[in-house]
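Colleague: Next up is a structure, given as structure tokens.
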Amino acid sequence: MMNITTAGVSLIQASVLTDEALLDQLQCAAFDYFLKTVNPLNGLVADTSRDNSPVSIAVVGFALASYPVAVERGWIERADAAQRSLAALRFFRDSDQSGSPTATGFKGFYYHFLDHRTGARVWRSELSMIDTALLIAGALTASMYFTADTTDEIALRGLVDFLYRRIDWRWAQNDGDTIRQGWKPECGFLHYGWEGYSEAILLYVLAMGSPTHPIVGDCYKAWTATYQWENLYNYDYLYAGPLFMHHFSHAWIDFRGIRDRFMREKRSDYFENSRRAVYIHREYAQRNPHEFAGYDENCWGLSACDGPSDEQPGVSNETRRLFGYAARGVPYGPDDGTVSPASVLASLPFAPEIVLDTVRSMIARYPEMLRDGRLSSSFNPTLTDANKCAWVSAGHFGLDQGIVLMMIENHRTERIWQLMRGCPIIRNGLHNAGFRGGWLQAPPVDGAS
Amino acid sequence: MSLQNNASIIPPQHADERERLADVPPATWENPKPADRYHLVIVGAGAAGRTAAEMAATLGAKVALIEHRLIGAGRLNAGSVIPSKTIIRTSRLYAEMRDAKRYGAQIPGDIRVDFAAVMERVRRIRTHLSGGDSVRRLTAAGVDMFFGEVRFTGTDTLTVDGEKLRFKKAMIATGARADSSAIPGLTEAGYLTNENVFELTELPRRLLVIGGGPLACELAQAFCRLGAQTTIVQDLPLFLGGEERDAAQILSDAFARDGIEVRLNTSVVAVRVEDGQKLVDLVSDDYKYTIAVDAIFISIGRSPNVEGLNLEAAGVDYDASAGIRADDFLRTSNPHIYAAGDVSLKDKYTHTATASARIVVHNALLRGRERLSALVIPWCTFTDPEIAHVGLYVREANRQSIPIKTFTIPMHEVDRAVTDSEDGGFVKIHVRERTDQILGATIVAHHAGDMINEITLAMVAGIGLRTLARVIHAYPTQAEAIKKAADAYNRTRLTPRIESRLHRWFSW
């Protein structure tokens with residue numbers, strides 16, 4: 001395994017590196033996050049690099065999807081990657097599924113945040129449907145990659161199959177039209193359902209691909225009935241405010257050329273939709289309605305990310321409202337001048353012609369937001385310190401690093417997309433959701449079982 | 001509720017109030033001798049009843065209008081629409097004073113709220129505007145005005161305090177009243193509703209608003225801006241459940257900016273009084289906590305006034321929660337009896353009530369065939385920003401498989417909104433996909449209530465976005481956002497083929 005802990009791009013390097021080299025370094029540094037924050041005993045990965053951070057099950061999903069990339073790029077050995085994956089998968093198989101307040105999961109789903117050491121629920125977090133979907137998507141990626149007839153890889157595939165089949169998606173409907181967002185042992189299902197386009201398309205595809213507990217009725221149709229097709233800044237697109245909503249499902253599913261009923265009617269597809277969303281975010285920053293510092297054609301990207309808050313030292317005299325960790329979005333905000341560089345880099349497959357220039361420009365103008373060669377969760381050029389440096393989120397967030405790693409890989413080699421094209425669960429789910437055309441028409445290629 | 005439990009509520013004794021109350025159910029009133037048979041008997045003298053009475057009398061019909069003494073919401077001049085809008089204006093003024101720096105102005109040195117003066121203005125304006133609805137005016141128009149307890153005695157007869165009235169047609173417009181709540185301890189602790197909140201003479205220091213509908217939102221913001229430490233509790237994830245998500249989200253943000261404690265997805269489970277303050281137990285998912293307040297305003301819905309009318313004798317079907325069942329022509333299960341306004345309509349707005357009353361007069365007296373469903377009815381929640389809507393929502397269109405597309409103009413794109421530092425919000429106009437036919441619109445803006453009327457006019461007149469794009473709007477005005485949406489539509493008409501032709505045209 002290469003020593004990637006010293007990898008990482010610096011300001012000086014960034015300006016002279018080729019695009020490929022720059023992406024390689026940013027991707028490698030993103031992967032380094034997982035190595036640094038994983039508990040090797042149970043394969044669980046921390047939500048952030050900050051002290052005492054709990055585990056986020058979604059970040060574990062991104063880690064599982066990242067190991068195959070790391071193997072292919074020579075950053076870790078295949079056996080090592082398989083072992084890391086197995087550790088996590090075995091943990092989830094053996095975890096407490098009683099749904100008690102200190103368990104790990106229930107009905108095949110898992111609590112959003114877990115203890116790094118024991119894997120028990122922390123922060124009274126909710127049993128999270130979308131985060132379980134991201135976890136299981138990562139597990140499916142592993143099962144599509146580790147296809148050798150070795151003891152470890154056979155075991156791995158068996159574990160993933162067990163974990164996926166155990167998830168009771170139908171229960172998560174709670175007899176309603178759409179999937180609920182969460183459940184707590186203290187109060188049952190949360191009030192929130194999925195409304196409007198979002199990253200939940202992955203959740204629905206996985207829930208419709210299940211041979212054991214698929215969602216029933218017109219669940220997907222009911223969800224898409226909440227879509228809003230809008231013309232904003234002269235772009236027609238399926239509206240969702242934060243950029244990450246246009247990314248997360250696309251990390252696993254290649255939406256180019258495949259269309260469900262909604263997109264057939266709109267003569268578009270979800271990939272093209274994300275491309276337009278990226279341009280809309282750039283357009284918003286250029287118009288900069290709230291006159292924040294830094295916003296322009298090469299500094300944009302509002303998404304769910306960390307941000308300054310009124311409670312933090314150094315910003316207490318700030319009169320404008322600050323939102324801390326929030327799902328920032330375009331065009332209605334919330335917007336406090338904080339941008340998410342990871343959301344820009346994760347837009348790479350959709351609009352490389354503007355993303356690369358923006359990433360280079362952001363690094364050049366705000367080098368302080370690059371730490372250990374990794375993009376910080378966010379920075380805010382409107383809030384500067386005594387040295388005129390932008391406010392920068394402390395540490396790193398696993399979701400940022402995971403989506404960056406996967407989207408760079410899809411841009412460079414389409415590796416994850418190719419793997420998941422062969423996944424029968426994904427194919428079935430897409431088919432059941434009404435997706436047709438494109439690569440779905442062709443028989444699955446290698447990797448498909 | 002028990003007024004005694006609210007020390008801050010003082011029964012109205014003001015001169016304006018005496019005038020208003022004296023004008024409405026006069027103490028010495030004597031009902032007229034009933035005519036042999038009326039063309040139209042109207043039960044309930046609220047907005048719908050008064051509109052129908054005046055219209056029918058103008059047509060020359062013999063009309064009786066009956067106000068039921070026991071029905072609160074239907075009485076003349078009651079209601080919260082005018083008072084709430086009056087107090088909102090004052091509260092906006094205070095908000096602007098505190099926000100003066102945003103406009104490059106100095107914040108006045110001593111911003112004090114004289115709540116008694118605020119409420120005196122509310123009552124004065126209410127009295128002024130109620131003048132046109134007085135009994136004198138109605139009787140002068142030829143309406144036989146009755147006060148008393150109404151009971152139907154047959155399919156074409158009813159009694160008012162025992163006096164029999166015969167009718168060819170009747171209209172029931174008894175309105176609706178604020179829902180009571182089953183929250184344990186709330187009745188004992190005392191609470192305010194839209195029916196008595198405007199009688200307050202002292203501003204509660206700490207106010208809890210229960211509910212997330214238009215009135216709850218308007219009141220919470222107004223009282224917060226007047227200086228009450230305000231908490232609003234809503235058991236759903238967003239305010240204004242019927243409105244679109246972005247509108248509700250912008251409202252939540254505006255509340256937070258105003259300093260309102262927003263408690264969404266939260267239920268009130270119990271209320272008790274200790275040391276003169278009301279302790280309210282709240283629960284949000286699994287999180288339970290208690291807050292202390294001085295007053296509680298509740299607005300969790302309205303129930304139709306259907307009890308005590310002996311509707312069974314008239315053969316009129318009704319439901320205790322949904323109200324009187326009427327068809328699209330507003331006819332009840334008794335073909336001679338119609339229903340209008342809040343007692344039967346899902347959308348309980350004053351302008352909807354009056355529009356339905358006009359339909360009833362046409363259909364009942366002139367053999368008309370006007371349909372309620374044909375009305376294009378806008379509505380507005382008068383928060384800051386205002387939230388106005390007309391026509392279809394996107395989710396309704398999607399459910400009906402109507403292809404729909406939205407043209408969105410954020411208010412930050414509108415010069416006048418920027419000059420006025422009122423650039424939060426948007427204009428969204430929904431059209432049938434690949435046409436310019438307007439299906440609906442939502443506007444979130446400082447003056448959304450005024451702006452929505454242009455869209456309503458366009459929908460009623462069958463004007464599409466292409467035509468709206470040709471309408472010159474005075475510059476700079478916030479309504480220019482509508483023109484911008486129409487312009488955006490026009491730009492989508494530039495198909496690649498047309499663009500190619502234009503390119504060739506200009507290629508010399």
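Residues in the structure tokens are named by chain (A, B, ... in the order shown) and by number from 1 within that chain; ligands are numbered from 1 in the order shown.
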Mind listing as a ChimeraX atom specification which residues of chain B are within 10 Å of chain A, counting only C-alpha atoms?

Modeller: /B:235-238,244-247,249-250,253,256-257,265-266,283-287,393-401,403-413,418,423-426,428-430,433-434,485,487-489,491-492

Colleague: Pull the strand (DSSP E or B) assignments for region 245-395 of chain B out of DSSP run on the backbone, and list those residues as a PyMOL selection string.

Modeller: chain B and resi 261-263+267-274+277-284+287-293+295-298+302-304+318-319+323-324+331+337-339+379-381+386-391

Colleague: Extract, using only C-alpha atoms, all DNA, RNA and protein residues at most 6 Å from Ile443 (chain B), discarding same-chain residues fewer than 3 positions from it, and format them as a PyMOL selection string.

Modeller: chain B and resi 387-388+426-427+448

Colleague: Okay, now the selection with C-alpha atoms, as an mmCIF file, in the first residue's frame?

Modeller:
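part_6.cif was written with the following content:
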```cif
data_model
loop_
_atom_site.group_PDB
_atom_site.id
_atom_site.type_symbol
_atom_site.label_atom_id
_atom_site.label_comp_id
_atom_site.auth_asym_id
_atom_site.auth_seq_id
_atom_site.Cartn_x
_atom_site.Cartn_y
_atom_site.Cartn_z
ATOM 1 C CA ILE B 387 -47.861 34.373 0.470
ATOM 2 C CA ALA B 388 -50.501 34.373 -2.243
ATOM 3 C CA PHE B 426 -40.542 34.644 -5.721
ATOM 4 C CA VAL B 427 -43.162 34.618 -8.415
ATOM 5 C CA ALA B 448 -48.014 39.300 -3.008
#
```

Colleague: If you run DSSP over the backbone, which residues in region 45-245 of chain A end up helix (DSSP H, G or I)? Put them as a PyMOL selection string.

Modeller: chain A and resi 57-72+78-94+129-145+151-166+171-173+200-208+219-224+243-245

Colleague: Please list as a PyMOL selection string every residue within 8 Å of Lys483 (chain B), counting only C-alpha atoms and excluding residues in the same chain fewer than 4 positions away.

Modeller: chain B and resi 468-469+471-473+479+487

Colleague: Any idea what's packed within 8 Å of Ala326 (chain A), counting only C-alpha atoms, ignoring anything in its chain fewer than 5 positions away? Could you give it as a list of chain:residue names?

Modeller: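 Everything that qualifies: A:Ser303, A:Ala304, A:Cys305, A:Asp306, A:Gly307, A:Pro334.
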
Colleague: At a cut-off of 8 Å, using only C-alpha atoms, what residues contact Leu356 (chain A)? Leave out same-chain residues fewer than 5 positions from it and give the result as a list in words.

Modeller: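 With the cut-off at 8 Å, the set is Asp19, Leu345 and Leu348 of chain A.
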
Colleague: Since we have the selection now, will you write its residues out, keeping C-alpha atoms, as an mmCIF file, in the first residue's frame?

Modeller:
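Done, and the output landed in out18.cif:
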```
data_model
loop_
_atom_site.group_PDB
_atom_site.id
_atom_site.type_symbol
_atom_site.label_atom_id
_atom_site.label_comp_id
_atom_site.auth_asym_id
_atom_site.auth_seq_id
_atom_site.Cartn_x
_atom_site.Cartn_y
_atom_site.Cartn_z
ATOM 1 C CA ASP A 19 -6.047 18.296 -14.572
ATOM 2 C CA LEU A 345 -15.876 19.037 -7.305
ATOM 3 C CA LEU A 348 -17.329 17.108 -12.217
#
```

Colleague: Pick the closest to Val160 (chain A) from A:Val69, A:Ala364, A:Ile425, A:Val359: which is it, counting only C-alpha atoms?

Modeller: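 Comparing A:Val69, A:Ala364, A:Ile425, A:Val359 against Val160 (chain A), the winner is A:Ile425.
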
Colleague: Find, counting only C-alpha atoms, the residue in B:Arg325, B:His336, B:Arg358, B:Arg89 that gets nearest to Asp384 (chain B).

Modeller: B:Arg89

Colleague: Which value, in Å to one decimal, gives the distance between CA of Gly74 (chain A) and CA of Leu370 (chain A)?

Modeller: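 So the answer is 23.8 Å.
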
Colleague: Which residues, written as a list in words, have at least one atom at most 7 Å from region 292-295 of chain B, with only C-alpha atoms counted and residues fewer than 6 positions away on the same chain left out?

Modeller: Tyr191, Pro204, Arg205, Arg206, Leu207, Leu208, Gln277, Lys278, Leu279 and Val280 of chain B

Colleague: Which is closest to Gly108 (chain A) among A:Asn432, A:Thr212, A:Asn39, A:Gln83, if we use only C-alpha atoms?

Modeller: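 Looking only at the distances to Gly108 (chain A), the closest residue turns out to be A:Thr212.
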
Colleague: Using only C-alpha atoms, pick whichever of B:Arg50, B:Thr127, B:Lys164, B:Gly109 has the shortest atom-to-atom distance to Ala35 (chain B).

Modeller: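 When distances to Ala35 (chain B) are compared using only C-alpha atoms, the smallest one comes from B:Lys164.
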